[in-house]
Amino acid sequence: MSLGDGNIRKLLTQYSAPAIIAMTASSLYNMTDSIFIGHGVEPGHLAIAGLTVTFPFMNLAAAFGSLVGVGASTLISIKLGQKDYASANKVLGNTLTLNIIIGILLSIACYPFLDSILYFFGASENTINFARDYMEIIILGNVITHIYFGQNAILRSAGFPNMSMYATLMSVAVNCILNPIFIFSFGWGIRGAALATILSQSISLVFQMTHFYNKKNTIRFSKEIYSLHKTLVKKILSIGMSPFLMNICACLIVILINRGMREHGGDVSVGAYGIINRIVFMFLMIVMGFNQGMQPIAGYNYGAKKYSRVTEVTKLTILCGVGVTTVGFLVCELFPSMMIKLFTTRPELIAESVYGMRLVFAVFPLVGFQMVASNFFMSIGMSQKAIFLSMTRQVLFLIPCLLILPRFLGTMGIWISLPVSDFVSTVVTTVLLIRQFRKLSGIED
């Protein structure tokens with residue numbers, strides 16, 4: 001089915017379904033890590049808190065990964081819409097080179113200062129050993145992680161969403177098999193969970209690379225595409241700057257939350273945030289699956305100047321995204337204990353997590369709308385507007401709330417900062433999206 005003239009609903013289903021399956025599996029992948037660690041490493045509440053402390057590094061790695069991966073996948077979609085296959089192949093090669101360079105540099109920069117970084121991220125004397133044991137393995141395998149996520153993004157944009165899904169499912173399946181073996185059977189504790197993560201990504205990476213080395217594919221590896229081209233690199237980084245800054249801000253926010261939780265509530269509150277973060281992530285990953293399905297459709301049709309189709313797929317994706325976050329709101333407001341008990345049986349951790357969950361999910365349906373709207377601007381190459389939207393929520397609204405409210409309300413101030421910023425940023429997003437829709441409509445008319 002052609003991206004340029006196929007039925008939008010069928011196209012979104014075709015491209016989103018594999019991405020949603022893959023992203024849901026990916027969120028379950030992260031949840032199973034926490035569940036196995038919470039029940040298999042003693043004491044479980046401190047192990048979960050230690051894992052939570054590593055979240056900022058994960059955001060940092062995701063920031064650099066999205067800087068290249070999202071930028072490259074969007075650019076490839078636009079190049080394919082323009083029938084410029086030579087440039088699309090060069091983007092593929094440049095993406096691999098950039099991921100290798102950035103992955104190595106990030107590992108070299110972080111490893112020697114790991115303890116200091118983890119304390120800054122919110123570790124305490126009780127959780128530093130768990131955090132360090134996990135991060136040492138993750139940092140050593142950081143290059144693999146970067147390449148794996150970068151190639152997965154390109155698979156989707158190059159017209160192979162099912163291959164991307166298979167790669168993710170393979171990684172999840174291997175991780176779920178290795179986790180209990182390494183943690184329980186071998187007794188490797190939290191290190192075992194980290195090693196299972198890197199090994200599972202390595203196996204999926206081999207699968208991805210095999211596809212791109214197939215000479216039958218239009219988008220494939222060849223010896224002349226790996227040298228960095230200044231123009232392409234600039235475009236990749238420009239488009240990818242929005243998700244990069246979003247993840248950098250997410251990194252800063254998680255640091256502020258971890259440190260605030262440690263100061264006002266101790267390690268139990270840090271662990272509660274870690275659990276809630278995993279549950280939030282599960283629903284957001286489904287929305288991201290819809291976004292990934294939307295991205296090649298919107299990018300292709302924008303490149304082909306079929307603006308009404310761009311608007312149509314965006315509106316349909318918004319409905320889907322809001323639907324997902326509304327389900328998340330209902331489940332987590334009505335049955336919070338059921339979700340929390342998957343991770344822990346410790347009463348004080350359950351109580352703190354239930355309290356925080358009900359506050360965090362208060363306006364959760366709005367989050368789906370904001371995520372899709374930001375992705376719309378990113379999908380059509382308008383990185384400046386996408387950056388602005390990400391900055392309004394995380395820098396202009398959320399960070400001030402996190403710095404001010406806890407001084408008066410303690411941990412409650414941290415929890416309510418999230419829904420407050422979600423609500424205000426949605427108002428700004430709505431205004432910009434309506435204006436852009438009107439511009440596209442005027443151009444095509």
# chains A, B, ... in the order shown; residues from 1 in each chain; ligands from 1

call {"tool": "closest_atom_pairs", "arguments": {"of": "stretch 24-73 of chain A", "to": "stretch 268-290 of chain A", "cutoff": "12 Å", "atoms": "only C-alpha atoms", "output": "CSV"}}
result
residue,atom,partner,partner_atom,distance
A:Thr24,CA,A:Ile286,CA,5.8
A:Ala25,CA,A:Met282,CA,8.9
A:Ser26,CA,A:Met285,CA,7.8
A:Ser27,CA,A:Met282,CA,4.9
A:Leu28,CA,A:Met282,CA,7.0
A:Tyr29,CA,A:Met282,CA,9.7
A:Asn30,CA,A:Arg278,CA,7.0
A:Met31,CA,A:Arg278,CA,6.0
A:Thr32,CA,A:Arg278,CA,9.7
A:Asp33,CA,A:Arg278,CA,10.0
A:Ser34,CA,A:Ile275,CA,7.8
A:Ile35,CA,A:Ile275,CA,9.2
A:Ile37,CA,A:Ile275,CA,11.6
A:Gly38,CA,A:Ile275,CA,9.8
A:Pro43,CA,A:Val268,CA,11.7
A:Gly44,CA,A:Gly271,CA,9.5
A:His45,CA,A:Gly271,CA,6.3
A:Leu46,CA,A:Gly271,CA,7.2
A:Ala47,CA,A:Gly271,CA,8.4
A:Ile48,CA,A:Gly271,CA,5.5
A:Ala49,CA,A:Gly271,CA,4.1
A:Gly50,CA,A:Gly271,CA,7.9
A:Leu51,CA,A:Gly274,CA,7.6
A:Thr52,CA,A:Gly274,CA,4.8
A:Val53,CA,A:Val270,CA,8.0
A:Thr54,CA,A:Gly274,CA,9.9
A:Phe55,CA,A:Gly274,CA,8.4
A:Pro56,CA,A:Gly274,CA,11.3

call {"tool": "residues_around", "arguments": {"residues": "stretch 299-309 of chain A", "least_positions_apart": "2", "cutoff": "12 Å", "atoms": "only C-alpha atoms", "output": "PyMOL selection string"}}
result
chain A and resi 2-9+11-12+70-84+157-159+239+291-297+311-316+375-382+436-445

call {"tool": "closest_residue", "arguments": {"among": "A:Leu98, A:Val254, A:Ile139, A:Ala62", "to": "A:Leu237", "atoms": "only C-alpha atoms"}}
result
A:Leu98

call {"tool": "closest_residue", "arguments": {"among": "A:Leu96, A:Ala386, A:Val424, A:Val206", "to": "A:Ser242", "atoms": "only C-alpha atoms"}}
result
A:Ala386

call {"tool": "decode", "arguments": {"residues": "stretch 2-134 of chain A", "atoms": "C-alpha atoms", "output": "CSV table (one decimal), in the first residue's frame"}}
result
chain,number,residue,atom,x,y,z
A,2,SER,CA,1.5,3.4,-1.1
A,3,LEU,CA,2.2,6.0,1.6
A,4,GLY,CA,1.2,8.6,-0.9
A,5,ASP,CA,-2.3,7.4,-1.9
A,6,GLY,CA,-3.3,4.5,0.4
A,7,ASN,CA,-6.1,4.7,2.9
A,8,ILE,CA,-4.8,6.7,5.9
A,9,ARG,CA,-6.5,4.5,8.5
A,10,LYS,CA,-5.2,1.3,7.0
A,11,LEU,CA,-1.7,2.8,6.6
A,12,LEU,CA,-1.6,3.9,10.2
A,13,THR,CA,-2.7,0.5,11.3
A,14,GLN,CA,-0.1,-1.2,9.0
A,15,TYR,CA,2.8,0.9,10.3
A,16,SER,CA,1.6,1.4,13.9
A,17,ALA,CA,0.7,-2.2,14.8
A,18,PRO,CA,4.3,-3.5,14.5
A,19,ALA,CA,5.6,-0.5,16.3
A,20,ILE,CA,3.0,-0.8,19.1
A,21,ILE,CA,3.8,-4.4,19.6
A,22,ALA,CA,7.5,-3.6,19.6
A,23,MET,CA,7.1,-0.6,21.9
A,24,THR,CA,4.8,-2.5,24.3
A,25,ALA,CA,7.3,-5.4,24.3
A,26,SER,CA,10.0,-2.9,25.0
A,27,SER,CA,8.1,-1.4,28.0
A,28,LEU,CA,7.5,-4.9,29.3
A,29,TYR,CA,11.2,-5.5,28.8
A,30,ASN,CA,11.9,-2.6,31.2
A,31,MET,CA,9.2,-3.7,33.6
A,32,THR,CA,10.4,-7.3,33.8
A,33,ASP,CA,13.9,-6.0,34.7
A,34,SER,CA,12.4,-4.1,37.7
A,35,ILE,CA,10.1,-7.0,38.6
A,36,PHE,CA,12.9,-9.6,38.6
A,37,ILE,CA,15.2,-7.2,40.5
A,38,GLY,CA,12.5,-6.3,43.0
A,39,HIS,CA,11.8,-9.9,43.8
A,40,GLY,CA,15.2,-11.5,43.1
A,41,VAL,CA,17.7,-9.1,44.7
A,42,GLU,CA,17.8,-8.4,48.4
A,43,PRO,CA,16.7,-6.1,49.8
A,44,GLY,CA,14.3,-5.5,47.0
A,45,HIS,CA,13.2,-2.0,47.8
A,46,LEU,CA,16.8,-0.8,47.8
A,47,ALA,CA,17.6,-2.6,44.6
A,48,ILE,CA,14.7,-0.9,42.9
A,49,ALA,CA,15.8,2.4,44.3
A,50,GLY,CA,19.3,1.7,42.9
A,51,LEU,CA,17.9,0.9,39.5
A,52,THR,CA,15.8,4.1,39.7
A,53,VAL,CA,19.0,6.1,40.2
A,54,THR,CA,20.3,4.9,36.8
A,55,PHE,CA,17.3,6.3,34.9
A,56,PRO,CA,19.0,9.6,34.2
A,57,PHE,CA,21.8,7.8,32.4
A,58,MET,CA,19.2,5.9,30.4
A,59,ASN,CA,17.7,9.2,29.4
A,60,LEU,CA,21.1,10.6,28.5
A,61,ALA,CA,21.8,7.5,26.3
A,62,ALA,CA,18.3,7.8,24.8
A,63,ALA,CA,19.0,11.5,24.1
A,64,PHE,CA,22.0,10.8,22.0
A,65,GLY,CA,20.3,7.8,20.4
A,66,SER,CA,17.3,9.9,19.4
A,67,LEU,CA,19.5,12.7,18.2
A,68,VAL,CA,20.8,10.4,15.5
A,69,GLY,CA,18.0,7.8,15.1
A,70,VAL,CA,15.0,10.1,15.0
A,71,GLY,CA,16.7,12.6,12.8
A,72,ALA,CA,17.9,9.9,10.4
A,73,SER,CA,14.6,8.1,10.2
A,74,THR,CA,12.7,11.3,9.5
A,75,LEU,CA,15.2,12.3,6.8
A,76,ILE,CA,15.0,8.9,5.2
A,77,SER,CA,11.2,9.2,5.0
A,78,ILE,CA,11.4,12.6,3.3
A,79,LYS,CA,14.1,11.3,0.9
A,80,LEU,CA,12.0,8.3,0.0
A,81,GLY,CA,9.0,10.6,-0.6
A,82,GLN,CA,11.3,12.6,-3.0
A,83,LYS,CA,12.6,9.4,-4.7
A,84,ASP,CA,16.1,10.3,-3.7
A,85,TYR,CA,17.4,6.8,-2.9
A,86,ALA,CA,21.1,7.6,-3.1
A,87,SER,CA,20.8,10.2,-0.3
A,88,ALA,CA,18.6,7.8,1.8
A,89,ASN,CA,21.4,5.2,1.6
A,90,LYS,CA,24.0,7.8,2.7
A,91,VAL,CA,21.8,8.6,5.7
A,92,LEU,CA,21.9,5.0,6.6
A,93,GLY,CA,25.7,4.8,6.6
A,94,ASN,CA,26.1,8.1,8.3
A,95,THR,CA,23.7,6.9,11.1
A,96,LEU,CA,25.9,3.9,11.8
A,97,THR,CA,29.1,5.9,11.9
A,98,LEU,CA,27.5,8.6,14.2
A,99,ASN,CA,26.1,6.0,16.6
A,100,ILE,CA,29.5,4.3,17.0
A,101,ILE,CA,31.3,7.6,17.6
A,102,ILE,CA,28.8,8.9,20.1
A,103,GLY,CA,28.4,5.6,21.9
A,104,ILE,CA,32.1,5.2,22.4
A,105,LEU,CA,32.6,8.8,23.5
A,106,LEU,CA,29.7,8.7,26.0
A,107,SER,CA,31.1,5.5,27.6
A,108,ILE,CA,34.6,7.0,27.9
A,109,ALA,CA,33.3,10.2,29.4
A,110,CYS,CA,31.1,8.4,32.1
A,111,TYR,CA,32.9,5.3,33.2
A,112,PRO,CA,35.8,6.9,35.2
A,113,PHE,CA,33.4,9.1,37.2
A,114,LEU,CA,30.6,6.6,37.7
A,115,ASP,CA,30.2,6.9,41.5
A,116,SER,CA,30.2,10.7,41.4
A,117,ILE,CA,27.7,10.7,38.6
A,118,LEU,CA,25.4,8.3,40.5
A,119,TYR,CA,25.5,10.3,43.7
A,120,PHE,CA,24.6,13.3,41.6
A,121,PHE,CA,21.7,11.3,40.1
A,122,GLY,CA,20.3,10.7,43.6
A,123,ALA,CA,22.1,7.6,44.9
A,124,SER,CA,22.6,7.2,48.7
A,125,GLU,CA,25.0,5.1,50.7
A,126,ASN,CA,22.3,2.4,50.7
A,127,THR,CA,21.7,2.3,47.0
A,128,ILE,CA,25.1,3.2,45.4
A,129,ASN,CA,26.3,-0.4,45.1
A,130,PHE,CA,23.2,-1.6,43.3
A,131,ALA,CA,23.3,1.4,40.9
A,132,ARG,CA,27.1,1.0,40.2
A,133,ASP,CA,26.8,-2.8,39.6
A,134,TYR,CA,24.1,-2.2,37.1
